[in-house]
Amino acid sequence: MSLDIKLLKKESLEQWFGKISASGRRILAPVERGGKVLFEEVSSPAEMAGDYIQTTLSAKSAVFPRCEELFGYALEGKEVKLEERKKEPQPTVVFGCRPCDAASFAILNSVFSWDCPDELFKQRLDKTAVVSISCKKSDQYCFCASVGGGPGDTKGSDVLLTELGSGDYLAEVITDKGKKLVALAPELFGAAPAEDKAKNLAKVPKEFDLKALSEKLGRLFDNNEFWLEQSLGCLGCGACAFACPACVCFDLQDEGNKKGGRRLRCWDSCGFALFTLHASGHNPRPAQSQRWRQRVMHKFGYLPDRLNYLGCVGCGRCSRLCPADMNLLEHLKEIMNRD
């Protein structure tokens, strides 16, 4: 599909918001709450956080909720009656996420579409459009360029906005979903500006080579001393997984009593000690070092080998939020320096 480049004036942004909202779509955008920047439903760009490098949590809950009810059940005589909780998802626009977040939707889709397609996920993804905003600045935790992305990368976005020096936006319309959003107010979009996109983007250096990293990981798998050293600070709290836009682990929980209840799907983490605990009491990954190894191997080894997608977009959230100051980028660079 050919890329369509347009100009969106800064004063036209609110009008476009209005048109999107009037079309029946909800808009989820970054909002500052108590020093954190979170995705919430908004009706105007004035509600959006302005000066942020990255949101505290990702936008993945738009398509993969933190906790969702799958069905209810009730005992009626000797029969168990199931009640499906199917609810038509509301058309949604994720507005203002960074390009790394936009890229994560394809990773989620690769997992939830593999083997046994997840209909709940697919329905939400089909009704979700992504309008991302390029990064004008970065910090020491950003490493999108090392995992195939970039501050102005278009992968995963339906429309990518890049703020220009004037405050106006270069709008790259990438997909049919994006074209439909622009078609809601075509009069607001002008001819492509002459200003260079690249000069308005953050500079994020490439820190390591992915192919070399994969080869190193294969040789390090059985080096228990190395993984122990890397994981010494890990508390197993799961903050990294819950902040990650590409983590897909979940658990199924039943809540109820002998008369009935409901089944829930909730986010989980391979870093939790109970994640691999068997009913027999056996745990194939009893040590935190093994769970840390699993996290790294899954993102940079297993997932690429199986589905041809990395499990990481280089957003840096896991490192920013870690209470023990575990920095994933630094750990990956340590792996690259191993013989």
# chains A, B, ... in the order shown; residues from 1 in each chain; ligands from 1
>>> residues_around(residues="A:Val130", least_positions_apart="3", cutoff="10 Å", atoms="only C-alpha atoms", output="number ranges by chain")
A: 27-28, 59, 92-99, 101-103, 105, 133, 156-160, 175, 177-178
>>> residues_around(residues="A:Lys19", least_positions_apart="6", cutoff="9 Å", atoms="only C-alpha atoms", output="mmCIF file with C-alpha atoms, in the first residue's frame")
data_model
loop_
_atom_site.group_PDB
_atom_site.id
_atom_site.type_symbol
_atom_site.label_atom_id
_atom_site.label_comp_id
_atom_site.auth_asym_id
_atom_site.auth_seq_id
_atom_site.Cartn_x
_atom_site.Cartn_y
_atom_site.Cartn_z
ATOM 1 C CA LEU A 181 -9.953 8.358 9.709
ATOM 2 C CA LEU A 184 -13.833 11.865 8.253
ATOM 3 C CA ALA A 185 -12.442 15.383 7.720
#
>>> closest_residue(among="A:Ala191, A:Ala129, A:Leu235, A:Ala243", to="A:Phe272", atoms="only C-alpha atoms")
A:Leu235
>>> residues_around(residues="A:Val204", least_positions_apart="2", cutoff="7 Å", atoms="only C-alpha atoms", output="PDB file with C-alpha atoms, in the first residue's frame")
ATOM      1  CA  SER A 138      14.379   9.934  24.019  1.00  0.00           C
ATOM      2  CA  PHE A 143      16.559   1.264  22.302  1.00  0.00           C
ATOM      3  CA  ALA A 145      16.688   1.339  16.841  1.00  0.00           C
ATOM      4  CA  ALA A 202      14.916  11.957  18.408  1.00  0.00           C
ATOM      5  CA  LYS A 206      21.791   1.280  17.625  1.00  0.00           C
TER       6      LYS A 206
END
>>> residues_around(residues="A:Cys322", least_positions_apart="6", cutoff="9 Å", atoms="only C-alpha atoms", output="number ranges by chain")
A: 234, 237-240
>>> write_last_selection(atoms="C-alpha atoms", output="PDB file, in the first residue's frame")
ATOM      1  CA  CYS A 234      15.229  -9.467  40.221  1.00  0.00           C
ATOM      2  CA  CYS A 237       7.391  -8.707  40.955  1.00  0.00           C
ATOM      3  CA  GLY A 238       6.179  -8.803  37.336  1.00  0.00           C
ATOM      4  CA  ALA A 239       6.259  -5.012  36.873  1.00  0.00           C
ATOM      5  CA  CYS A 240       8.252  -5.452  33.658  1.00  0.00           C
TER       6      CYS A 240
END
>>> select_by_dssp(residues="stretch 175-268 of chain A", states="alpha helix (DSSP H)", output="number ranges by chain")
A: 176-183, 210-220, 224-231, 239-243
>>> write_last_selection(atoms="C-alpha atoms", output="mmCIF file, in the first residue's frame")
data_model
loop_
_atom_site.group_PDB
_atom_site.id
_atom_site.type_symbol
_atom_site.label_atom_id
_atom_site.label_comp_id
_atom_site.auth_asym_id
_atom_site.auth_seq_id
_atom_site.Cartn_x
_atom_site.Cartn_y
_atom_site.Cartn_z
ATOM 1 C CA ASP A 176 -7.027 1.651 4.954
ATOM 2 C CA LYS A 177 -7.974 2.271 8.600
ATOM 3 C CA GLY A 178 -5.892 5.436 8.478
ATOM 4 C CA LYS A 179 -7.501 6.562 5.232
ATOM 5 C CA LYS A 180 -10.948 6.145 6.790
ATOM 6 C CA LEU A 181 -9.953 8.358 9.709
ATOM 7 C CA VAL A 182 -8.630 11.060 7.388
ATOM 8 C CA ALA A 183 -11.772 10.748 5.246
ATOM 9 C CA LEU A 210 20.117 -8.708 16.651
ATOM 10 C CA LYS A 211 21.633 -11.593 14.718
ATOM 11 C CA ALA A 212 24.728 -11.588 16.899
ATOM 12 C CA LEU A 213 22.541 -11.396 20.018
ATOM 13 C CA SER A 214 20.572 -14.461 18.929
ATOM 14 C CA GLU A 215 23.773 -16.422 18.369
ATOM 15 C CA LYS A 216 25.109 -15.411 21.784
ATOM 16 C CA LEU A 217 21.886 -16.444 23.528
ATOM 17 C CA GLY A 218 22.043 -19.898 21.979
ATOM 18 C CA ARG A 219 25.509 -20.453 23.430
ATOM 19 C CA LEU A 220 24.658 -19.012 26.848
ATOM 20 C CA ASN A 224 23.771 -21.002 34.907
ATOM 21 C CA GLU A 225 26.378 -18.790 36.560
ATOM 22 C CA PHE A 226 25.788 -16.061 33.965
ATOM 23 C CA TRP A 227 21.996 -16.073 34.412
ATOM 24 C CA LEU A 228 22.373 -16.094 38.180
ATOM 25 C CA GLU A 229 24.606 -13.043 37.966
ATOM 26 C CA GLN A 230 22.154 -11.252 35.656
ATOM 27 C CA SER A 231 19.120 -12.001 37.825
ATOM 28 C CA ALA A 239 6.259 -5.012 36.873
ATOM 29 C CA CYS A 240 8.252 -5.452 33.658
ATOM 30 C CA ALA A 241 5.690 -7.798 32.129
ATOM 31 C CA PHE A 242 2.704 -5.667 33.092
ATOM 32 C CA ALA A 243 4.348 -2.562 31.611
#
>>> residues_around(residues="A:Asp4", least_positions_apart="3", cutoff="8 Å", atoms="only C-alpha atoms", output="ChimeraX atom specification")
/A:172-174
>>> closest_residue(among="A:Lys60, A:His278, A:Arg306, A:Arg26", to="A:Cys247", atoms="only C-alpha atoms")
A:Lys60
>>> residues_around(residues="A:Leu307", least_positions_apart="2", cutoff="9 Å", atoms="only C-alpha atoms", output="VMD selection string")
chain A and resid 107 110 to 111 114 302 to 305 309 to 310
>>> residues_around(residues="A:Cys270", least_positions_apart="5", cutoff="12 Å", atoms="only C-alpha atoms", output="ChimeraX atom specification")
/A:236-242,247-251,275-277,284-299
>>> closest_residue(among="A:Leu264, A:Cys318, A:Cys135, A:Ala62", to="A:Leu252", atoms="only C-alpha atoms")
A:Leu264
>>> atom_distance(atom1="atom CA of A:Leu70", atom2="atom CA of A:Ala29")
26.3 Å
>>> select_by_dssp(residues="stretch 167-216 of chain A", states="strand (DSSP E or B)", output="PDB file with N, CA and C atoms, in the first residue's frame")
ATOM      1  N   TYR A 169       1.689  19.252  11.918  1.00  0.00           N
ATOM      2  CA  TYR A 169       2.054  17.837  11.871  1.00  0.00           C
ATOM      3  C   TYR A 169       2.188  17.341  10.439  1.00  0.00           C
ATOM      4  N   LEU A 170       3.262  16.612  10.188  1.00  0.00           N
ATOM      5  CA  LEU A 170       3.365  15.818   8.974  1.00  0.00           C
ATOM      6  C   LEU A 170       2.584  14.540   9.254  1.00  0.00           C
ATOM      7  N   ALA A 171       1.594  14.254   8.435  1.00  0.00           N
ATOM      8  CA  ALA A 171       0.737  13.084   8.659  1.00  0.00           C
ATOM      9  C   ALA A 171       0.998  12.040   7.582  1.00  0.00           C
ATOM     10  N   GLU A 172       1.492  10.888   8.003  1.00  0.00           N
ATOM     11  CA  GLU A 172       1.698   9.773   7.082  1.00  0.00           C
ATOM     12  C   GLU A 172       0.518   8.817   7.230  1.00  0.00           C
ATOM     13  N   VAL A 173      -0.259   8.699   6.184  1.00  0.00           N
ATOM     14  CA  VAL A 173      -1.453   7.850   6.182  1.00  0.00           C
ATOM     15  C   VAL A 173      -1.043   6.508   5.562  1.00  0.00           C
ATOM     16  N   PHE A 189      -6.783  18.281   6.003  1.00  0.00           N
ATOM     17  CA  PHE A 189      -5.458  17.781   5.603  1.00  0.00           C
ATOM     18  C   PHE A 189      -5.028  18.416   4.290  1.00  0.00           C
ATOM     19  N   GLY A 190      -3.847  19.047   4.347  1.00  0.00           N
ATOM     20  CA  GLY A 190      -3.338  19.724   3.165  1.00  0.00           C
ATOM     21  C   GLY A 190      -2.246  18.934   2.473  1.00  0.00           C
TER      22      GLY A 190
END
>>> atom_distance(atom1="atom CA of A:Phe39", atom2="atom CA of A:Glu84")
28.0 Å
>>> closest_residue(among="A:Cys312, A:Thr162, A:Lys127, A:Ser12", to="A:Arg25", atoms="only C-alpha atoms")
A:Lys127
>>> decode(residues="stretch 112-151 of chain A", atoms="N, CA and C atoms", output="JSON list (two decimals), in the first residue's frame")
[["chain", "number", "residue", "atom", "x", "y", "z"],
["A", 112, "PHE", "N", -1.65, -14.25, 19.30],
["A", 112, "PHE", "CA", -3.06, -14.57, 19.46],
["A", 112, "PHE", "C", -3.70, -15.11, 18.19],
["A", 113, "SER", "N", -3.00, -15.05, 17.06],
["A", 113, "SER", "CA", -3.50, -15.61, 15.81],
["A", 113, "SER", "C", -2.83, -16.94, 15.47],
["A", 114, "TRP", "N", -1.85, -17.31, 16.26],
["A", 114, "TRP", "CA", -1.08, -18.53, 16.00],
["A", 114, "TRP", "C", -1.81, -19.75, 16.56],
["A", 115, "ASP", "N", -1.75, -20.86, 15.85],
["A", 115, "ASP", "CA", -2.28, -22.15, 16.31],
["A", 115, "ASP", "C", -3.80, -22.10, 16.48],
["A", 116, "CYS", "N", -4.27, -21.51, 17.58],
["A", 116, "CYS", "CA", -5.71, -21.42, 17.85],
["A", 116, "CYS", "C", -6.09, -19.94, 17.95],
["A", 117, "PRO", "N", -6.60, -19.35, 16.88],
["A", 117, "PRO", "CA", -6.88, -17.90, 16.88],
["A", 117, "PRO", "C", -7.82, -17.49, 18.01],
["A", 118, "ASP", "N", -7.51, -16.38, 18.64],
["A", 118, "ASP", "CA", -8.30, -15.86, 19.74],
["A", 118, "ASP", "C", -9.31, -14.86, 19.19],
["A", 119, "GLU", "N", -10.58, -15.25, 19.17],
["A", 119, "GLU", "CA", -11.61, -14.43, 18.56],
["A", 119, "GLU", "C", -11.83, -13.12, 19.31],
["A", 120, "LEU", "N", -11.75, -13.15, 20.65],
["A", 120, "LEU", "CA", -11.95, -11.93, 21.43],
["A", 120, "LEU", "C", -10.90, -10.89, 21.07],
["A", 121, "PHE", "N", -9.64, -11.34, 20.98],
["A", 121, "PHE", "CA", -8.56, -10.43, 20.61],
["A", 121, "PHE", "C", -8.75, -9.90, 19.20],
["A", 122, "LYS", "N", -9.06, -10.82, 18.27],
["A", 122, "LYS", "CA", -9.19, -10.43, 16.86],
["A", 122, "LYS", "C", -10.30, -9.40, 16.67],
["A", 123, "GLN", "N", -11.43, -9.57, 17.34],
["A", 123, "GLN", "CA", -12.54, -8.63, 17.20],
["A", 123, "GLN", "C", -12.13, -7.23, 17.67],
["A", 124, "ARG", "N", -11.40, -7.17, 18.78],
["A", 124, "ARG", "CA", -10.97, -5.87, 19.28],
["A", 124, "ARG", "C", -9.93, -5.24, 18.35],
["A", 125, "LEU", "N", -8.98, -6.05, 17.88],
["A", 125, "LEU", "CA", -7.94, -5.52, 17.01],
["A", 125, "LEU", "C", -8.54, -5.00, 15.70],
["A", 126, "ASP", "N", -9.50, -5.73, 15.15],
["A", 126, "ASP", "CA", -10.13, -5.31, 13.90],
["A", 126, "ASP", "C", -10.82, -3.96, 14.03],
["A", 127, "LYS", "N", -11.28, -3.63, 15.23],
["A", 127, "LYS", "CA", -12.00, -2.39, 15.45],
["A", 127, "LYS", "C", -11.13, -1.31, 16.09],
["A", 128, "THR", "N", -9.82, -1.54, 16.09],
["A", 128, "THR", "CA", -8.89, -0.57, 16.68],
["A", 128, "THR", "C", -7.99, 0.03, 15.61],
["A", 129, "ALA", "N", -7.91, 1.34, 15.60],
["A", 129, "ALA", "CA", -6.99, 2.06, 14.71],
["A", 129, "ALA", "C", -5.94, 2.76, 15.57],
["A", 130, "VAL", "N", -4.74, 2.92, 15.02],
["A", 130, "VAL", "CA", -3.62, 3.49, 15.78],
["A", 130, "VAL", "C", -3.11, 4.75, 15.08],
["A", 131, "VAL", "N", -3.23, 5.87, 15.81],
["A", 131, "VAL", "CA", -2.65, 7.14, 15.35],
["A", 131, "VAL", "C", -1.49, 7.43, 16.30],
["A", 132, "SER", "N", -0.29, 7.18, 15.85],
["A", 132, "SER", "CA", 0.87, 7.38, 16.72],
["A", 132, "SER", "C", 1.54, 8.72, 16.44],
["A", 133, "ILE", "N", 2.38, 9.13, 17.39],
["A", 133, "ILE", "CA", 3.11, 10.39, 17.26],
["A", 133, "ILE", "C", 4.60, 10.10, 17.39],
["A", 134, "SER", "N", 5.38, 10.55, 16.41],
["A", 134, "SER", "CA", 6.83, 10.31, 16.42],
["A", 134, "SER", "C", 7.48, 10.90, 17.67],
["A", 135, "CYS", "N", 8.63, 10.35, 18.02],
["A", 135, "CYS", "CA", 9.36, 10.80, 19.21],
["A", 135, "CYS", "C", 10.29, 11.96, 18.86],
["A", 136, "LYS", "N", 10.14, 13.06, 19.59],
["A", 136, "LYS", "CA", 11.04, 14.20, 19.41],
["A", 136, "LYS", "C", 12.23, 14.11, 20.35],
["A", 137, "LYS", "N", 12.09, 13.29, 21.42],
["A", 137, "LYS", "CA", 13.19, 13.11, 22.35],
["A", 137, "LYS", "C", 13.15, 11.69, 22.91],
["A", 138, "SER", "N", 14.26, 11.28, 23.47],
["A", 138, "SER", "CA", 14.38, 9.93, 24.02],
["A", 138, "SER", "C", 15.20, 10.02, 25.31],
["A", 139, "ASP", "N", 15.37, 8.88, 25.97],
["A", 139, "ASP", "CA", 16.22, 8.85, 27.16],
["A", 139, "ASP", "C", 17.13, 7.62, 27.11],
["A", 140, "GLN", "N", 17.85, 7.36, 28.18],
["A", 140, "GLN", "CA", 18.84, 6.29, 28.19],
["A", 140, "GLN", "C", 18.21, 4.90, 28.16],
["A", 141, "TYR", "N", 16.89, 4.83, 28.34],
["A", 141, "TYR", "CA", 16.22, 3.53, 28.34],
["A", 141, "TYR", "C", 15.70, 3.14, 26.96],
["A", 142, "CYS", "N", 15.62, 4.08, 26.04],
["A", 142, "CYS", "CA", 15.08, 3.81, 24.70],
["A", 142, "CYS", "C", 16.11, 3.05, 23.86],
["A", 143, "PHE", "N", 15.66, 1.96, 23.22],
["A", 143, "PHE", "CA", 16.56, 1.26, 22.30],
["A", 143, "PHE", "C", 15.79, 0.68, 21.11],
["A", 144, "CYS", "N", 14.79, 1.43, 20.64],
["A", 144, "CYS", "CA", 13.97, 0.97, 19.51],
["A", 144, "CYS", "C", 14.81, 0.69, 18.27],
["A", 145, "ALA", "N", 15.86, 1.50, 18.04],
["A", 145, "ALA", "CA", 16.69, 1.34, 16.84],
["A", 145, "ALA", "C", 17.44, 0.01, 16.85],
["A", 146, "SER", "N", 17.64, -0.58, 18.01],
["A", 146, "SER", "CA", 18.36, -1.85, 18.11],
["A", 146, "SER", "C", 17.48, -3.05, 17.82],
["A", 147, "VAL", "N", 16.16, -2.85, 17.83],
["A", 147, "VAL", "CA", 15.24, -3.97, 17.61],
["A", 147, "VAL", "C", 14.40, -3.76, 16.35],
["A", 148, "GLY", "N", 14.93, -2.99, 15.42],
["A", 148, "GLY", "CA", 14.28, -2.85, 14.13],
["A", 148, "GLY", "C", 13.28, -1.72, 14.00],
["A", 149, "GLY", "N", 13.20, -0.86, 15.01],
["A", 149, "GLY", "CA", 12.27, 0.26, 14.96],
["A", 149, "GLY", "C", 12.98, 1.59, 14.82],
["A", 150, "GLY", "N", 12.32, 2.65, 15.27],
["A", 150, "GLY", "CA", 12.91, 3.97, 15.21],
["A", 150, "GLY", "C", 11.92, 5.01, 15.69],
["A", 151, "PRO", "N", 12.40, 6.21, 16.04],
["A", 151, "PRO", "CA", 11.53, 7.28, 16.57],
["A", 151, "PRO", "C", 10.43, 7.73, 15.61]]
